[in-house]
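This report concerns only the one structure given below.
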Protein chains: 4
Amino acid sequence: MPDDIDARVRRSFSQQTLMRTLGAEVLAVRPGEVEIVLPFAEHILQQHGFVHAAAVAAIADNACGYAALTTMPPDTAVLTVEFKTNLLSPAKGERMRAIGRVVRAGRNLIITAADVFADTGGASKQVALMTATMMVVKGDTGLKD
Amino acid sequence: MPDDIDARVRRSFSQQTLMRTLGAEVLAVRPGEVEIVLPFAEHILQQHGFVHAAAVAAIADNACGYAALTTMPPDTAVLTVEFKTNLLSPAKGERMRAIGRVVRAGRNLIITAADVFADTGGASKQVALMTATMMVVKGDTGLKD
Amino acid sequence: MPDDIDARVRRSFSQQTLMRTLGAEVLAVRPGEVEIVLPFAEHILQQHGFVHAAAVAAIADNACGYAALTTMPPDTAVLTVEFKTNLLSPAKGERMRAIGRVVRAGRNLIITAADVFADTGGASKQVALMTATMMVVKGDTGLKD
Amino acid sequence: MPDDIDARVRRSFSQQTLMRTLGAEVLAVRPGEVEIVLPFAEHILQQHGFVHAAAVAAIADNACGYAALTTMPPDTAVLTVEFKTNLLSPAKGERMRAIGRVVRAGRNLIITAADVFADTGGASKQVALMTATMMVVKGDTGLKD
């Protein structure tokens, strides 16, 4: 079962061309929790040289969405209804790491939250906070995962 | 004056490597309002083939941030404090277009909002809604625009 | 039809004991738009003597929820999934007035937004901004309006 | 020091007439964390008989704001910049209990979060989630706590 969840998340993630474009990768998949990393890179910055808030939000949104997907029936797909991000500190460090988790899983809506950390050497500093609502889309829409 | 504002926004935008990576461009700069477009492209999608919510949020966040910058003194820089995005419809179309505007400009904080539309042929459909708080960062921090 | 909508909103509103406690009233009901007022009063303040942000949010949330209800089938009920409020200025004035409107009405979720104004004499100043997601709850849950 | 913090929070809270109107009370004050309770009562409900989302948000907002205040210099006041609430379950139970905590304390802005639980007998169920931005207002504005 955890194997299936892991494969489902990684397969769907690999179909997100934006993640490849940014350079993000799935670090860990657990039931109700997904961790995604984004190494610092020159092509994802804002005007002051920090990682762009939208790139931080991208991995937080995905960590939330895939955390939700780990709790969803096989013939369903996940869509983001809304997300809100608070940016706590400039996003600088060797990599950004988002941990998304399910806070409440309903039949149609799944409420999630994520923390994003900047990792540098052995140290971690939280740089962002997200809460997000995910929708469970039934398979008869043609959407998958 | 409007020329200066236009130049300031475009120069700062051109330093955001993420915008180049996504393919986004500044369409219009007006006092308190900025419009940014993102053509549909294969490298910015989520798993179902729609433009990724984070790419939509990226141009909305920038439209908000630069709308705020048009109201800010020359020796200041803009940083995003927080943003929230509601996704209204799957983001598909020839291009995404975000219009950001200042709702209230305070001395330290500027409250902004953005609407994002999917343009296809002559038709436009709203796909997202953002509200965002921007911070006015004083020049002595070394940050600019 | 507009009569039915008006009656439906006012009947449901009258069952909200919190609105009576605060002193709020429905000012206008239009398809997809509802206006609610809250007169300044000594029992709804925060520590500095302004109307409490939560009282402002209360009428904004209700204006959004009832704007959504005007677009919903008769045998359904509305529940708030989430809301976000930006507070633009201290809430002082003779009355607070929230205008909620539907931005996108889906089958299961309705995305809404509200502006809240402080009215004093003939002048109005915007004091808050809300975006909110409303859920369409089917009648077989026993919930109504 | 903790005594001072406790007194400062309780004194400011006691000046919020809305809290008295709702029936809310401060349960605990710790550095960076404040707990507020709201007993179920007939005068704070929405149309289906649940505690109104705005009443839930009221204690969450206050728990966040006072958590922020515990970290602020004596001659300052706290104002809410924005808050977002996700409602996880209908708010029913003997009392609602909000725990607010500081996530990041900056000089001018303090980012906070709160969880709200419905307590019934010995059991607790989370009913809401908030993230909020608080502003540190300097004393020369005439505002206090």
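In the structure tokens, the first chain shown is A, the next is B, and so on; residue numbers restart at 1 for each chain, and ligands run from 1 in the order shown.
Once Phe40 of chain A and its same-chain neighbours fewer than 5 positions away are set aside, Gly23, Leu45, Phe50, Val51, Lys92, Gly93, Glu94, Arg95 and Met96 of chain A remain within 9 Å of it when counting only C-alpha atoms.
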Output file for the selection above: C-alpha atoms, as a PDB file, in the first residue's frame:
```
ATOM      1  CA  GLY A  23      14.299  21.474 -10.689  1.00  0.00           C
ATOM      2  CA  LEU A  45      15.074  33.787  -8.536  1.00  0.00           C
ATOM      3  CA  PHE A  50      16.303  35.145  -3.440  1.00  0.00           C
ATOM      4  CA  VAL A  51      14.297  32.138  -4.580  1.00  0.00           C
ATOM      5  CA  LYS A  92      17.970  31.816   0.497  1.00  0.00           C
ATOM      6  CA  GLY A  93      19.919  28.639   1.190  1.00  0.00           C
ATOM      7  CA  GLU A  94      21.209  25.533  -0.552  1.00  0.00           C
ATOM      8  CA  ARG A  95      17.735  24.170  -1.067  1.00  0.00           C
ATOM      9  CA  MET A  96      14.108  24.826  -0.214  1.00  0.00           C
TER      10      MET A  96
END
```
Given a cut-off of 12 Å, which residues of chain A touch chain D, counting only C-alpha atoms, written out as a VMD selection string? chain A and resid 82 to 89 102 to 106 109 to 115 125 to 134
Picked from chain D by DSSP as strand (DSSP E or B), as a PyMOL selection string: chain D and resi 25-30+33-39+45+51+76-87+95-105+109-120+123-138
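Going from atom CA of Val56 of chain D to atom CA of Gly32 of chain C covers 25.6 Å.
Of the residues under consideration (C:Arg30, C:His48, C:His43, C:Ile5), C:His48 shows the shortest atom-to-atom contact distance to Thr141 of chain D when counting only C-alpha atoms.
Using only C-alpha atoms, the nearest neighbour of Arg97 of chain A within the list A:Val116, A:Val29, A:Ala57, A:Leu22 is A:Val116.
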Close residues, Gly139 of chain D itself excluded, 8 Å, only C-alpha atoms, min 2 positions apart in chain, as a PyMOL selection string: chain D and resi 75-77+137+141-144
For Ile44 of chain A, which residue out of B:Arg10, B:Lys138, B:Arg20, B:Arg107 is the nearest one, using only C-alpha atoms? B:Arg20
Neighbouring residues of Ser12 of chain A were defined as those with any atom within 10 Å, considering only C-alpha atoms; residues of the same chain fewer than 2 positions away were excluded. Please report them as a PyMOL selection string. (chain A and resi 7-10+14-16+66+69+77+144-145) or (chain B and resi 46-48)
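The spacing separating atom CA of Thr17 of chain A from atom CA of His52 of chain B amounts to 8.7 Å.
Taking only C-alpha atoms, the non-local environment of Ile99 of chain B within 8 Å (same-chain residues fewer than 3 positions away omitted) comprises B:Glu33, B:Val34, B:Glu35, B:Ile36, B:Ala60, B:Ala63, B:Cys64, B:Ala114, B:Asp115, B:Val116.
If you measure from each of C:Glu42, C:Ala67, C:Thr21, C:Ala54 to Asp6 of chain C using only C-alpha atoms, the closest one turns out to be C:Ala67.
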